[in-house]
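Colleague: To be precise about what I am sending: the file is called work27.txt and holds compact mmCIF, C-alpha atoms.
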```txt
# COMPACT_ATOMS: atom_id res chain seq x y z
CA MET A 1 28.02 -19.87 11.11
CA ALA A 2 29.43 -19.91 7.58
CA GLY A 3 26.12 -21.15 6.24
CA GLN A 4 24.28 -18.39 8.07
CA ARG A 5 26.62 -15.77 6.71
CA GLU A 6 26.22 -17.02 3.13
CA GLY A 7 22.46 -17.13 3.49
CA SER A 8 22.27 -13.54 4.71
CA LEU A 9 24.20 -12.29 1.67
CA GLU A 10 21.91 -13.88 -0.91
CA ALA A 11 18.96 -12.06 -2.46
CA PRO A 12 15.73 -12.56 -0.47
CA THR A 13 13.25 -15.01 -1.90
CA ARG A 14 9.60 -15.52 -1.06
CA HIS A 15 7.91 -18.88 -0.57
CA PRO A 16 4.32 -19.38 -1.76
CA ILE A 17 1.65 -19.06 0.94
CA ASP A 18 0.04 -22.47 1.34
CA TRP A 19 -3.20 -21.04 2.69
CA ARG A 20 -5.42 -23.79 1.26
CA ASP A 21 -3.61 -26.52 3.24
CA SER A 22 -5.36 -27.56 6.48
CA GLU A 23 -2.04 -27.41 8.37
CA PHE A 24 -1.90 -23.68 7.66
CA TYR A 25 -4.78 -23.28 10.14
CA ASP A 26 -3.50 -25.70 12.80
CA GLU A 27 -3.27 -23.53 15.95
CA GLY A 28 -0.68 -25.73 17.63
CA LYS A 29 1.65 -25.49 14.66
CA LEU A 30 0.95 -21.77 14.38
CA TYR A 31 1.94 -21.15 18.01
CA SER A 32 5.06 -23.27 17.52
CA GLU A 33 6.12 -21.20 14.50
CA LEU A 34 5.29 -17.93 16.23
CA GLY A 35 7.45 -18.95 19.18
CA ARG A 36 10.33 -19.97 16.91
CA VAL A 37 10.31 -16.72 14.95
CA PHE A 38 9.71 -14.53 18.01
CA ASP A 39 12.75 -16.14 19.65
CA HIS A 40 14.98 -15.16 16.73
CA CYS A 41 13.49 -11.63 16.70
CA HIS A 42 14.14 -11.32 20.44
CA GLY A 43 17.78 -12.26 19.92
CA CYS A 44 18.21 -9.77 17.07
CA ARG A 45 15.96 -6.74 17.77
CA ARG A 46 17.03 -5.04 14.57
CA CYS A 47 13.44 -4.15 13.62
CA VAL A 48 12.58 -2.28 16.83
CA SER A 49 12.26 1.06 14.99
CA LEU A 50 9.66 -0.13 12.49
CA CYS A 51 6.05 -0.87 13.50
CA ASP A 52 4.78 -1.47 17.04
CA SER A 53 4.82 -5.27 16.65
CA PHE A 54 8.46 -5.47 17.67
CA PRO A 55 8.41 -3.17 20.73
CA THR A 56 5.27 -5.05 21.84
CA LEU A 57 7.08 -8.38 21.50
CA PHE A 58 10.22 -7.21 23.25
CA ASP A 59 8.23 -5.67 26.13
CA LEU A 60 6.39 -8.98 26.58
CA VAL A 61 9.68 -10.89 26.65
CA ASP A 62 11.44 -8.44 28.96
CA GLY A 63 8.47 -8.42 31.33
CA SER A 64 8.21 -12.20 31.55
CA GLU A 65 9.65 -14.26 34.41
CA THR A 66 12.25 -15.92 32.19
CA MET A 67 12.98 -12.82 30.07
CA GLU A 68 12.79 -15.19 27.11
CA VAL A 69 10.02 -16.02 24.64
CA ASP A 70 9.17 -19.18 26.59
CA GLY A 71 7.98 -16.92 29.41
CA VAL A 72 5.35 -15.24 27.21
CA GLU A 73 1.81 -16.65 27.29
CA HIS A 74 0.51 -17.83 23.93
CA GLY A 75 -2.51 -15.60 24.37
CA ASP A 76 -0.21 -12.58 24.41
CA TYR A 77 1.19 -13.47 20.98
CA TRP A 78 -1.93 -11.85 19.52
CA LYS A 79 -0.86 -8.49 20.91
CA VAL A 80 2.08 -8.70 18.51
CA VAL A 81 -0.09 -9.84 15.59
CA ASP A 82 -2.52 -6.95 16.10
CA GLN A 83 0.24 -4.38 15.56
CA CYS A 84 1.32 -5.78 12.18
CA TYR A 85 -0.24 -4.12 9.14
CA LEU A 86 1.78 -6.08 6.55
CA CYS A 87 3.94 -3.16 5.40
CA ASP A 88 6.65 -5.74 4.55
CA LEU A 89 9.50 -3.43 5.55
CA CYS A 90 10.96 -5.84 8.11
CA TYR A 91 11.25 -8.51 5.42
CA MET A 92 12.60 -6.25 2.68
CA THR A 93 14.78 -3.77 4.51
CA LYS A 94 15.79 -5.06 7.95
CA CYS A 95 15.72 -8.80 8.55
CA PRO A 96 18.98 -10.64 7.73
CA TYR A 97 17.32 -14.04 8.26
CA VAL A 98 14.82 -14.12 5.41
CA PRO A 99 14.89 -17.05 2.95
CA PRO A 100 17.18 -18.50 1.69
CA HIS A 101 18.74 -18.16 5.16
CA GLU A 102 18.29 -21.41 7.10
CA TRP A 103 16.15 -19.67 9.74
CA ASN A 104 13.59 -19.00 7.01
CA ILE A 105 11.93 -15.99 8.64
CA ASP A 106 9.08 -14.24 6.83
CA PHE A 107 7.56 -12.19 9.64
CA PRO A 108 4.81 -10.44 7.60
CA HIS A 109 3.48 -13.66 6.12
CA LEU A 110 3.60 -15.36 9.51
CA MET A 111 1.46 -12.51 10.82
CA LEU A 112 -0.84 -13.01 7.83
CA ARG A 113 -1.14 -16.70 8.73
CA ALA A 114 -2.07 -15.78 12.30
CA LYS A 115 -4.67 -13.29 11.08
CA ALA A 116 -6.11 -15.93 8.74
CA VAL A 117 -6.31 -18.52 11.53
CA ARG A 118 -8.15 -16.08 13.77
CA PHE A 119 -10.47 -14.91 10.99
CA ARG A 120 -11.44 -18.46 10.09
CA LYS A 121 -12.13 -19.25 13.75
CA GLN A 122 -13.97 -16.13 14.90
CA GLY A 123 -14.43 -13.75 11.97
CA ALA A 124 -13.89 -10.03 12.55
CA PRO A 125 -15.76 -7.16 14.25
CA LEU A 126 -18.43 -5.38 12.19
CA ARG A 127 -16.33 -2.21 12.10
CA ASP A 128 -13.36 -4.02 10.57
CA ARG A 129 -15.53 -5.82 8.04
CA LEU A 130 -17.05 -2.50 6.96
CA LEU A 131 -13.73 -0.64 6.80
CA THR A 132 -12.29 -3.34 4.54
CA SER A 133 -15.40 -3.55 2.32
CA THR A 134 -14.33 -0.59 0.22
CA ASP A 135 -16.50 -1.42 -2.80
CA ALA A 136 -19.72 -1.69 -0.82
CA VAL A 137 -19.05 1.43 1.26
CA GLY A 138 -18.00 3.41 -1.82
CA ARG A 139 -21.12 2.46 -3.78
CA MET A 140 -23.40 3.43 -0.91
CA VAL A 141 -21.71 6.60 0.29
CA GLY A 142 -20.83 7.77 -3.22
CA LEU A 143 -24.44 8.11 -4.33
CA PRO A 144 -25.32 11.67 -5.44
CA GLY A 145 -26.53 13.66 -2.47
CA ILE A 146 -25.44 11.08 0.08
CA SER A 147 -21.75 11.84 -0.46
CA VAL A 148 -22.37 15.52 0.35
CA VAL A 149 -24.14 14.65 3.59
CA VAL A 150 -21.53 12.08 4.64
CA ASN A 151 -18.62 14.40 3.86
CA ALA A 152 -20.23 17.20 5.86
CA ALA A 153 -20.94 14.88 8.78
CA ASN A 154 -17.38 13.55 8.77
CA SER A 155 -16.05 17.09 9.23
CA THR A 156 -18.36 17.83 12.18
CA ARG A 157 -16.78 17.35 15.59
CA PRO A 158 -19.87 16.11 17.48
CA VAL A 159 -20.57 13.55 14.75
CA ARG A 160 -16.97 12.34 14.83
CA ARG A 161 -17.09 11.93 18.62
CA ALA A 162 -20.26 9.90 18.27
CA LEU A 163 -18.66 7.82 15.51
CA GLU A 164 -15.73 7.12 17.79
CA LYS A 165 -17.98 5.84 20.57
CA VAL A 166 -20.30 3.84 18.33
CA ALA A 167 -17.99 2.58 15.58
CA GLY A 168 -14.50 2.74 17.09
CA ILE A 169 -13.18 5.17 14.46
CA HIS A 170 -10.96 7.75 16.13
CA ALA A 171 -12.40 11.26 16.14
CA ASP A 172 -9.07 12.79 15.07
CA ALA A 173 -8.39 10.37 12.22
CA ARG A 174 -8.68 11.72 8.71
CA ILE A 175 -11.52 10.01 6.83
CA PRO A 176 -11.40 10.24 3.00
CA HIS A 177 -13.97 12.33 1.18
CA PHE A 178 -16.31 10.52 -1.17
CA GLU A 179 -17.08 11.67 -4.69
CA SER A 180 -20.26 10.91 -6.61
CA SER A 181 -18.46 11.97 -9.81
CA THR A 182 -16.08 9.01 -9.94
CA LEU A 183 -13.00 8.59 -12.09
CA ARG A 184 -14.93 6.12 -14.25
CA LYS A 185 -17.70 8.67 -14.85
CA ARG A 186 -15.18 11.37 -15.67
CA PHE A 187 -13.25 9.09 -18.01
CA ALA A 188 -16.38 8.04 -19.94
CA ASP A 189 -16.34 11.25 -22.00
CA HIS A 190 -12.56 11.51 -22.17
CA PRO A 191 -11.14 11.73 -25.73
CA SER A 192 -8.57 8.95 -25.58
CA LEU A 193 -5.50 8.64 -27.80
CA ASP A 194 -5.59 6.04 -30.55
CA PRO A 195 -4.14 2.79 -29.13
CA ASP A 196 -2.51 2.11 -32.51
CA THR A 197 -0.21 5.09 -31.91
CA ALA A 198 1.46 3.29 -29.00
CA PHE A 199 5.25 3.22 -29.12
CA PRO A 200 6.95 0.35 -27.21
CA ALA A 201 10.06 1.17 -25.18
CA GLY A 202 12.06 -1.21 -23.01
CA PRO A 203 9.70 -3.46 -21.02
CA THR A 204 6.71 -1.20 -21.80
CA ARG A 205 4.35 -1.56 -24.74
CA GLY A 206 3.39 2.09 -24.68
CA ARG A 207 -0.30 1.86 -23.89
CA VAL A 208 -1.74 1.59 -20.39
CA ALA A 209 -4.88 0.04 -18.94
CA LEU A 210 -5.57 1.58 -15.53
CA PHE A 211 -6.83 -0.40 -12.59
CA ALA A 212 -8.67 2.58 -11.15
CA THR A 213 -8.56 1.38 -7.50
CA CYS A 214 -11.34 2.02 -4.99
CA TYR A 215 -9.56 5.10 -3.69
CA ALA A 216 -8.74 6.88 -6.95
CA ASP A 217 -12.16 6.09 -8.37
CA ARG A 218 -14.37 7.20 -5.47
CA ASN A 219 -12.21 9.30 -3.15
CA GLU A 220 -9.69 11.26 -5.24
CA PRO A 221 -10.61 10.92 -8.92
CA GLY A 222 -8.58 14.04 -9.60
CA LEU A 223 -5.41 12.02 -8.98
CA GLY A 224 -6.50 9.59 -11.67
CA LYS A 225 -7.00 12.49 -14.05
CA ASP A 226 -3.50 13.74 -13.21
CA LEU A 227 -2.01 10.35 -14.02
CA ILE A 228 -3.92 10.14 -17.31
CA ALA A 229 -2.77 13.66 -18.24
CA VAL A 230 0.87 12.78 -17.58
CA LEU A 231 0.66 9.55 -19.60
CA GLU A 232 -1.10 11.17 -22.54
CA HIS A 233 1.34 14.09 -22.54
CA ASN A 234 3.95 11.40 -23.16
CA GLY A 235 1.93 9.97 -26.05
CA ILE A 236 0.72 6.94 -24.10
CA PRO A 237 -2.89 5.87 -24.86
CA VAL A 238 -4.92 5.08 -21.74
CA THR A 239 -8.01 3.01 -21.05
CA LEU A 240 -9.71 1.81 -17.87
CA ALA A 241 -10.26 -1.84 -17.03
CA GLU A 242 -13.83 -2.56 -18.11
CA LYS A 243 -14.82 -3.60 -14.61
CA GLU A 244 -13.04 -4.12 -11.33
CA ARG A 245 -13.51 -4.63 -7.62
CA CYS A 246 -11.17 -3.92 -4.71
CA CYS A 247 -7.74 -5.49 -5.27
CA GLY A 248 -8.14 -7.42 -2.01
CA MET A 249 -5.40 -5.80 0.06
CA PRO A 250 -7.76 -4.62 2.85
CA LYS A 251 -9.19 -8.13 3.18
CA LEU A 252 -5.66 -9.57 3.14
CA GLU A 253 -4.73 -7.39 6.11
CA LEU A 254 -7.82 -8.70 7.88
CA GLY A 255 -6.85 -12.34 7.20
CA ASP A 256 -9.98 -12.90 5.09
CA LEU A 257 -8.33 -14.96 2.37
CA VAL A 258 -11.62 -16.26 0.96
CA SER A 259 -12.56 -12.67 0.07
CA VAL A 260 -9.12 -12.20 -1.48
CA LYS A 261 -9.86 -15.23 -3.66
CA ARG A 262 -13.16 -13.66 -4.75
CA ALA A 263 -11.34 -10.45 -5.67
CA ARG A 264 -8.85 -12.46 -7.72
CA GLU A 265 -11.70 -14.20 -9.55
CA ALA A 266 -13.31 -10.87 -10.41
CA ASN A 267 -10.20 -8.89 -11.39
CA VAL A 268 -7.59 -11.18 -12.85
CA PRO A 269 -9.51 -12.49 -15.91
CA VAL A 270 -10.38 -8.92 -16.95
CA LEU A 271 -6.79 -7.73 -16.52
CA ALA A 272 -5.32 -10.81 -18.21
CA ALA A 273 -7.54 -10.16 -21.24
CA LEU A 274 -6.18 -6.61 -21.42
CA VAL A 275 -2.62 -7.95 -21.34
CA ASP A 276 -3.47 -10.33 -24.17
CA ALA A 277 -4.84 -7.35 -26.11
CA GLY A 278 -1.49 -5.56 -25.81
CA TRP A 279 -1.98 -3.29 -22.81
CA ASP A 280 0.38 -2.64 -19.90
CA LEU A 281 -1.27 -2.47 -16.46
CA MET A 282 -0.97 0.27 -13.85
CA ALA A 283 -2.58 1.48 -10.62
CA LEU A 284 -2.11 4.73 -8.75
CA VAL A 285 -2.10 3.28 -5.22
CA PRO A 286 1.11 1.37 -4.30
CA SER A 287 -0.77 -1.20 -2.17
CA CYS A 288 -2.84 -2.24 -5.19
CA VAL A 289 0.26 -2.55 -7.36
CA LEU A 290 1.94 -4.68 -4.68
CA MET A 291 -1.15 -6.88 -4.41
CA PHE A 292 -1.01 -7.80 -8.08
CA LYS A 293 2.78 -7.94 -8.38
CA GLN A 294 3.60 -9.88 -5.20
CA GLU A 295 0.78 -11.09 -2.97
CA LEU A 296 -1.52 -12.71 -5.51
CA PRO A 297 1.31 -14.68 -7.17
CA LEU A 298 2.32 -15.99 -3.72
CA LEU A 299 -1.27 -16.86 -2.82
CA PHE A 300 -1.97 -18.49 -6.19
CA PRO A 301 1.36 -19.97 -7.35
CA GLY A 302 1.19 -21.61 -10.74
CA ASP A 303 -1.89 -19.60 -11.75
CA GLU A 304 -0.96 -18.55 -15.29
CA GLU A 305 -3.40 -15.63 -15.42
CA VAL A 306 -2.15 -14.26 -12.10
CA ILE A 307 1.46 -14.53 -13.28
CA LYS A 308 0.62 -12.86 -16.59
CA VAL A 309 -1.03 -9.93 -14.79
CA ALA A 310 1.85 -9.60 -12.31
CA ARG A 311 4.42 -9.38 -15.09
CA ALA A 312 2.45 -6.67 -16.88
CA PHE A 313 1.80 -4.52 -13.80
CA PHE A 314 3.76 -1.29 -13.20
CA ASP A 315 4.04 1.43 -10.62
CA PRO A 316 3.48 4.76 -12.48
CA PHE A 317 6.97 6.14 -11.89
CA GLU A 318 8.58 2.77 -12.56
CA TYR A 319 6.84 2.89 -15.95
CA LEU A 320 7.87 6.45 -16.74
CA MET A 321 11.50 5.81 -15.80
CA ALA A 322 11.61 2.68 -17.97
CA ARG A 323 10.55 4.83 -20.90
CA HIS A 324 12.96 7.63 -19.96
CA VAL A 325 15.86 5.18 -20.15
CA GLU A 326 14.80 4.48 -23.73
CA GLY A 327 14.46 8.18 -24.59
CA GLN A 328 10.66 8.05 -24.58
CA PHE A 329 9.84 10.34 -21.66
CA LYS A 330 9.22 14.03 -22.33
CA ILE A 331 11.22 16.56 -20.35
CA ASP A 332 9.51 19.63 -21.83
CA PHE A 333 8.67 21.01 -18.42
CA ALA A 334 7.00 24.41 -18.20
CA GLY A 335 8.33 25.25 -14.74
CA GLY A 336 10.14 24.06 -11.66
CA LEU A 337 8.61 22.76 -8.45
CA GLY A 338 10.98 24.26 -5.91
CA LYS A 339 11.71 22.16 -2.84
CA VAL A 340 9.73 18.93 -2.61
CA LEU A 341 9.70 16.72 0.47
CA TYR A 342 8.82 13.31 -0.89
CA HIS A 343 7.71 10.48 1.40
CA ALA A 344 8.49 7.05 -0.10
CA SER A 345 5.58 4.82 0.91
CA CYS A 346 6.24 1.37 2.35
CA HIS A 347 4.30 -0.59 -0.27
CA GLN A 348 6.20 1.13 -3.05
CA ARG A 349 9.60 0.70 -1.40
CA VAL A 350 9.16 -3.06 -0.99
CA GLN A 351 8.50 -3.52 -4.72
CA ASN A 352 12.28 -3.32 -5.21
CA ILE A 353 12.01 -0.89 -8.10
CA GLY A 354 14.29 1.74 -6.61
CA PRO A 355 13.55 5.45 -6.00
CA LYS A 356 11.91 6.04 -9.37
CA THR A 357 9.59 8.80 -8.12
CA ARG A 358 12.55 10.78 -6.84
CA ASP A 359 14.49 10.21 -10.07
CA ILE A 360 11.65 11.44 -12.28
CA LEU A 361 10.97 14.54 -10.18
CA ASN A 362 14.69 15.33 -10.21
CA LEU A 363 14.45 15.67 -14.00
CA VAL A 364 12.35 18.81 -13.52
CA PRO A 365 14.63 21.88 -13.62
CA GLY A 366 14.45 24.11 -10.57
CA THR A 367 13.42 21.23 -8.32
CA GLU A 368 15.07 19.88 -5.17
CA VAL A 369 13.73 16.56 -3.90
CA VAL A 370 14.23 15.58 -0.24
CA VAL A 371 13.41 11.90 0.33
CA VAL A 372 12.03 10.52 3.59
CA GLU A 373 12.08 6.73 3.93
CA ARG A 374 10.10 6.15 7.10
CA CYS A 375 6.66 4.61 7.55
CA SER A 376 3.73 7.06 7.60
CA GLY A 377 1.95 4.89 10.17
CA HIS A 378 -1.40 4.94 8.39
CA ASP A 379 -1.33 1.55 6.70
CA GLY A 380 -4.92 0.89 5.72
CA THR A 381 -7.32 0.76 8.63
CA TYR A 382 -4.62 0.94 11.32
CA GLY A 383 -4.51 4.73 11.18
CA VAL A 384 -8.23 5.25 11.81
CA LYS A 385 -9.09 2.72 14.53
CA VAL A 386 -9.54 4.12 18.00
CA GLU A 387 -7.17 1.54 19.52
CA THR A 388 -4.32 2.17 17.07
CA PHE A 389 -4.66 5.79 15.90
CA ASP A 390 -2.29 7.17 18.56
CA LYS A 391 0.27 4.50 17.69
CA ALA A 392 -0.09 5.35 14.01
CA MET A 393 0.63 9.00 14.73
CA LYS A 394 3.61 8.03 16.90
CA ILE A 395 5.05 5.99 14.02
CA ALA A 396 4.52 9.00 11.73
CA ARG A 397 6.32 11.47 14.02
CA PRO A 398 9.76 11.26 12.33
CA VAL A 399 8.19 12.04 8.95
CA ILE A 400 5.97 14.79 10.34
CA ARG A 401 8.97 16.40 12.04
CA GLN A 402 10.92 16.44 8.79
CA ILE A 403 7.98 17.98 6.93
CA ARG A 404 7.77 20.76 9.50
CA GLU A 405 11.51 21.39 9.47
CA ALA A 406 12.01 21.20 5.70
CA GLU A 407 9.92 24.29 4.88
CA ALA A 408 9.37 22.76 1.47
CA ASP A 409 7.16 24.17 -1.26
CA HIS A 410 5.41 20.81 -1.55
CA TYR A 411 5.21 17.57 0.37
CA GLY A 412 3.48 14.31 -0.41
CA SER A 413 3.67 10.57 -0.84
CA ASP A 414 3.14 7.96 -3.54
CA CYS A 415 0.36 6.69 -1.28
CA PRO A 416 -2.35 9.38 -1.22
CA ILE A 417 -3.84 8.04 2.02
CA ALA A 418 -0.42 8.25 3.71
CA GLY A 419 -0.04 11.80 2.42
CA HIS A 420 -3.28 12.91 4.07
CA HIS A 421 -2.42 11.07 7.28
CA LEU A 422 0.85 12.99 7.45
CA ALA A 423 -0.91 16.28 6.73
CA ASN A 424 -3.26 15.49 9.62
CA GLY A 425 -0.22 15.13 11.86
CA VAL A 426 1.44 18.31 10.57
CA GLY A 427 -1.74 20.06 11.62
CA ASN A 428 -1.16 23.50 10.05
CA GLY A 429 -3.85 23.31 7.39
CA THR A 430 -1.49 22.44 4.54
CA GLN A 431 -2.42 19.64 2.16
CA PRO A 432 -0.16 17.06 0.48
CA ASP A 433 0.66 17.18 -3.22
CA HIS A 434 0.84 13.77 -4.86
CA PRO A 435 4.02 13.34 -6.97
CA LEU A 436 1.88 12.71 -10.08
CA SER A 437 0.00 15.96 -9.48
CA LEU A 438 3.36 17.72 -9.18
CA LEU A 439 4.57 16.17 -12.41
CA ARG A 440 1.44 17.34 -14.20
CA LYS A 441 1.98 20.80 -12.73
CA ALA A 442 5.57 20.80 -13.99
CA TYR A 443 4.35 19.95 -17.50
CA GLY A 444 1.73 22.67 -17.34
CA VAL A 445 -0.98 20.43 -18.83
```
What's the C-alpha cells form of this structure?

Modeller:
Amino acid sequence: MAGQREGSLEAPTRHPIDWRDSEFYDEGKLYSELGRVFDHCHGCRRCVSLCDSFPTLFDLVDGSETMEVDGVEHGDYWKVVDQCYLCDLCYMTKCPYVPPHEWNIDFPHLMLRAKAVRFRKQGAPLRDRLLTSTDAVGRMVGLPGISVVVNAANSTRPVRRALEKVAGIHADARIPHFESSTLRKRFADHPSLDPDTAFPAGPTRGRVALFATCYADRNEPGLGKDLIAVLEHNGIPVTLAEKERCCGMPKLELGDLVSVKRAREANVPVLAALVDAGWDLMALVPSCVLMFKQELPLLFPGDEEVIKVARAFFDPFEYLMARHVEGQFKIDFAGGLGKVLYHASCHQRVQNIGPKTRDILNLVPGTEVVVVERCSGHDGTYGVKVETFDKAMKIARPVIRQIREAEADHYGSDCPIAGHHLANGVGNGTQPDHPLSLLRKAYGV
C-alpha cells in the first residue's frame, strides 16, 4: 500500500502510444487489458460524474450475474468504448492510478487503442468518415453559393428531420455554418505588422504563426480575426501557416491512426519550418492545440520535428499571460465586460496551463468572471450523432443550468463548438461570446 500511496502523489506521466506494434492490435491482449482496467475502475468509481463511459461500465457490472467485471461479456466492452470521446479529464483530473502508479491506468488511451483495433478490422460507417473529414467537407460545402444553400437547408426543420433519418445526424443538434469567405481569404489582404518588430518575452518570441484550424477557417473566420486583432493590438506580428490540413483530432477520435499519420506528414514540416524561422505557433481551437502539444508527441515519440512543433505551440491565453508576466501585455482597456460566465473546455483544461483565460479576462476593469469546469458534452462528433445527442445534452445540463441561473452579460467557452452546443441547450436564442471576442471588445479595436 505504501507504494500505491507514493505513486498516487507523483505527477502524472504519459507513456508513448505504440500504435505501430502488431501487439497493439491483438484483440486477445486488448480484451485482457480492458478487463484489467475496468476492474480497477469498478472498484474505484471516482469518475462516474464525467462522461457516460463510466456509468455504462458500472451498469454492466452491476447487472451481471457476478456483479464483477468477469461477469460482463467481452462484446459489451464496446458499449463503454463508444461513450468515450477522449476528453482526457479522467486521466488529468480524477484518476489516482495513472502512471507512475503501479496500476498504470491510462483510460483515454486504452479507449483509443480499442477504437484503433476496431477501425483497422472493420473501418467506420460512412457518416462517421464524413463527419471526421473536415477538410473535404469544408472545401465542398464552402464553395460560393453552395454554402448559402447548405446553411439555409441546415436551418430548415423538414430537411433536418430527413438528415436525421438518412445520415444519423440528430435533428436538434447544432450544425456549424459554413463560410465561403474563409479566414485565409480574409487574411490575404490584411496589412500585417513587420515581423522584425517582434519583442520576445518569457518563453514567447513575440511573433505568431497561426494554425488556422478547419473550424476557424471555414466556419467562424470572425473568431480568427478577433484573435489577430488582439495579438496585433499587443504589437505581435501574425502570419498564417502557408498550408495546412486538419490537425487529425477527429480521425484520432475515430481510431483512424493512419489518417492521423497523413495529417502529421502534411502539417508538421510546414510548422517546423516556421519555428526555425523564429515564429511561435498558436491555434484558436483547444483540441488542435492539444493535438500538437500532447497527442502527436505520444504517437510519434522521438520525432524531432514533432517535438519542435509541440514546444513552440501555445494556447492563445497561455501566450498572452506569459507576456503579461513579463510586462508585455497591454491593459489599455476601453470598457468593462460586466458579468462573464466562462466555460473552461476539457481540451484546454487538460493542457495543464492553469486558468489563463479567466486570469486575462479578470484584468479587464468592471468585469466579473464566473468559471464553470464541467464538460460541455459536445466533444467533436459525439454531440451531433443521433445515438449520442441526448447523452451529450445530459452531460451539458450542469453547465446549461449555471448559464441560466447566472444571468450573466456574456457566456462562452474557449472551444467555440462547445459554446454553441451550450447555447443550443440554453434554448433562449442567446449566442455565446468567445473569450477572445470579449477581449477584443474590451480593447475596443

Colleague: For each of A:Val260, A:Ile228, A:Val371, A:Leu281, take the minimum atom-to-atom distance to Ala216 of chain A, counting all atoms listed in the file, then give the residue where this is smallest.

Modeller: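 With all atoms listed in the file as the atom set, the closest residue is A:Ile228.
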
Colleague: I'd like to know which of A:Leu131, A:Ala201, A:Val445, A:Ala277 is closest to Met249 of chain A, using all atoms listed in the file.

Modeller: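 Smallest distance to Met249 of chain A is found for A:Leu131.
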
Colleague: Tell me, as a short mmCIF file (atom, residue, chain, number, x, y, z; two decimals) with C-alpha atoms, in the coordinates of the input, which residues lie within 12 Å of Lys293 of chain A, counting only C-alpha atoms; anything in the same chain fewer than 2 positions away does not count.

Modeller:
```cif
data_model
loop_
_atom_site.label_atom_id
_atom_site.label_comp_id
_atom_site.auth_asym_id
_atom_site.auth_seq_id
_atom_site.Cartn_x
_atom_site.Cartn_y
_atom_site.Cartn_z
CA CYS A 247 -7.74 -5.49 -5.27
CA MET A 249 -5.40 -5.80 0.06
CA VAL A 268 -7.59 -11.18 -12.85
CA LEU A 281 -1.27 -2.47 -16.46
CA MET A 282 -0.97 0.27 -13.85
CA ALA A 283 -2.58 1.48 -10.62
CA PRO A 286 1.11 1.37 -4.30
CA SER A 287 -0.77 -1.20 -2.17
CA CYS A 288 -2.84 -2.24 -5.19
CA VAL A 289 0.26 -2.55 -7.36
CA LEU A 290 1.94 -4.68 -4.68
CA MET A 291 -1.15 -6.88 -4.41
CA GLU A 295 0.78 -11.09 -2.97
CA LEU A 296 -1.52 -12.71 -5.51
CA PRO A 297 1.31 -14.68 -7.17
CA LEU A 298 2.32 -15.99 -3.72
CA LEU A 299 -1.27 -16.86 -2.82
CA PHE A 300 -1.97 -18.49 -6.19
CA VAL A 306 -2.15 -14.26 -12.10
CA ILE A 307 1.46 -14.53 -13.28
CA LYS A 308 0.62 -12.86 -16.59
CA VAL A 309 -1.03 -9.93 -14.79
CA ALA A 310 1.85 -9.60 -12.31
CA ARG A 311 4.42 -9.38 -15.09
CA ALA A 312 2.45 -6.67 -16.88
CA PHE A 313 1.80 -4.52 -13.80
CA PHE A 314 3.76 -1.29 -13.20
CA ASP A 315 4.04 1.43 -10.62
CA HIS A 347 4.30 -0.59 -0.27
CA GLN A 348 6.20 1.13 -3.05
CA VAL A 350 9.16 -3.06 -0.99
CA GLN A 351 8.50 -3.52 -4.72
CA ASN A 352 12.28 -3.32 -5.21
CA ILE A 353 12.01 -0.89 -8.10
#
```

Colleague: Using only C-alpha atoms, what residues lie at most 9 Å away from (-15.4, 8.0, 15.6) (file coordinates), given as an NGL selection string?

Modeller: :A and (159-173 or 384-386)

Colleague: Please compute the atom CA of Pro55 of chain A-atom CA of Ser376 of chain A distance, one decimal, in Å.

Modeller: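 So the answer is 17.3 Å.
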
Colleague: Counting all atoms listed in the file, which of A:Ile175, A:Ile403, A:Val69, A:Val372 gets nearest to Asn154 of chain A?

Modeller: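 Of A:Ile175, A:Ile403, A:Val69, A:Val372, the one nearest Asn154 of chain A, counting all atoms listed in the file, is A:Ile175.
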
Colleague: Record the distance separating atom CA of Leu210 of chain A and atom CA of Leu240 of chain A, expressed in Å with one decimal.

Modeller: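 Straight-line distance from atom CA of Leu210 of chain A to atom CA of Leu240 of chain A works out to 4.8 Å.
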
Colleague: To one decimal place in Å, what is the distance between atom CA of Glu373 of chain A and atom CA of Thr56 of chain A?

Modeller: 22.5 Å

Colleague: Which polymer residues, protein or nucleic acid, are no farther than 12 Å from (7.2, 9.7, -8.9), counting only C-alpha atoms, as a PyMOL selection string?

Modeller: chain A and resi 227+230+284-286+315-321+340-345+348-349+353-364+369+371+412-415+433-440

Colleague: Quick one: residues within 7 Å of Ala266 of chain A, only C-alpha atoms counted, chain neighbours fewer than 3 positions away excluded, as a VMD selection string?

Modeller: chain A and resid 244 to 245 262 to 263 269

Colleague: Neighbours of Phe333 of chain A within 8 Å (only C-alpha atoms; same-chain residues fewer than 6 positions away dropped), as JSON, numbers by chain?

Modeller: {"A": [364, 365, 442, 443, 444]}

Colleague: Complete the atoms of segment 399-405 of chain A to N, CA and C atoms and put them out as a short mmCIF file (atom, residue, chain, number, x, y, z; two decimals), in the frame of the given file.

Modeller:
```cif
data_model
loop_
_atom_site.label_atom_id
_atom_site.label_comp_id
_atom_site.auth_asym_id
_atom_site.auth_seq_id
_atom_site.Cartn_x
_atom_site.Cartn_y
_atom_site.Cartn_z
N VAL A 399 8.50 11.45 10.25
CA VAL A 399 8.19 12.04 8.95
C VAL A 399 7.56 13.41 9.14
N ILE A 400 6.63 13.51 10.07
CA ILE A 400 5.97 14.79 10.34
C ILE A 400 6.99 15.85 10.76
N ARG A 401 7.95 15.45 11.60
CA ARG A 401 8.97 16.40 12.04
C ARG A 401 9.78 16.91 10.86
N GLN A 402 10.14 16.01 9.94
CA GLN A 402 10.92 16.44 8.79
C GLN A 402 10.11 17.34 7.85
N ILE A 403 8.82 17.09 7.74
CA ILE A 403 7.98 17.98 6.93
C ILE A 403 7.97 19.38 7.52
N ARG A 404 7.81 19.46 8.84
CA ARG A 404 7.77 20.76 9.50
C ARG A 404 9.10 21.49 9.37
N GLU A 405 10.19 20.76 9.49
CA GLU A 405 11.51 21.39 9.47
C GLU A 405 11.99 21.74 8.07
#
```
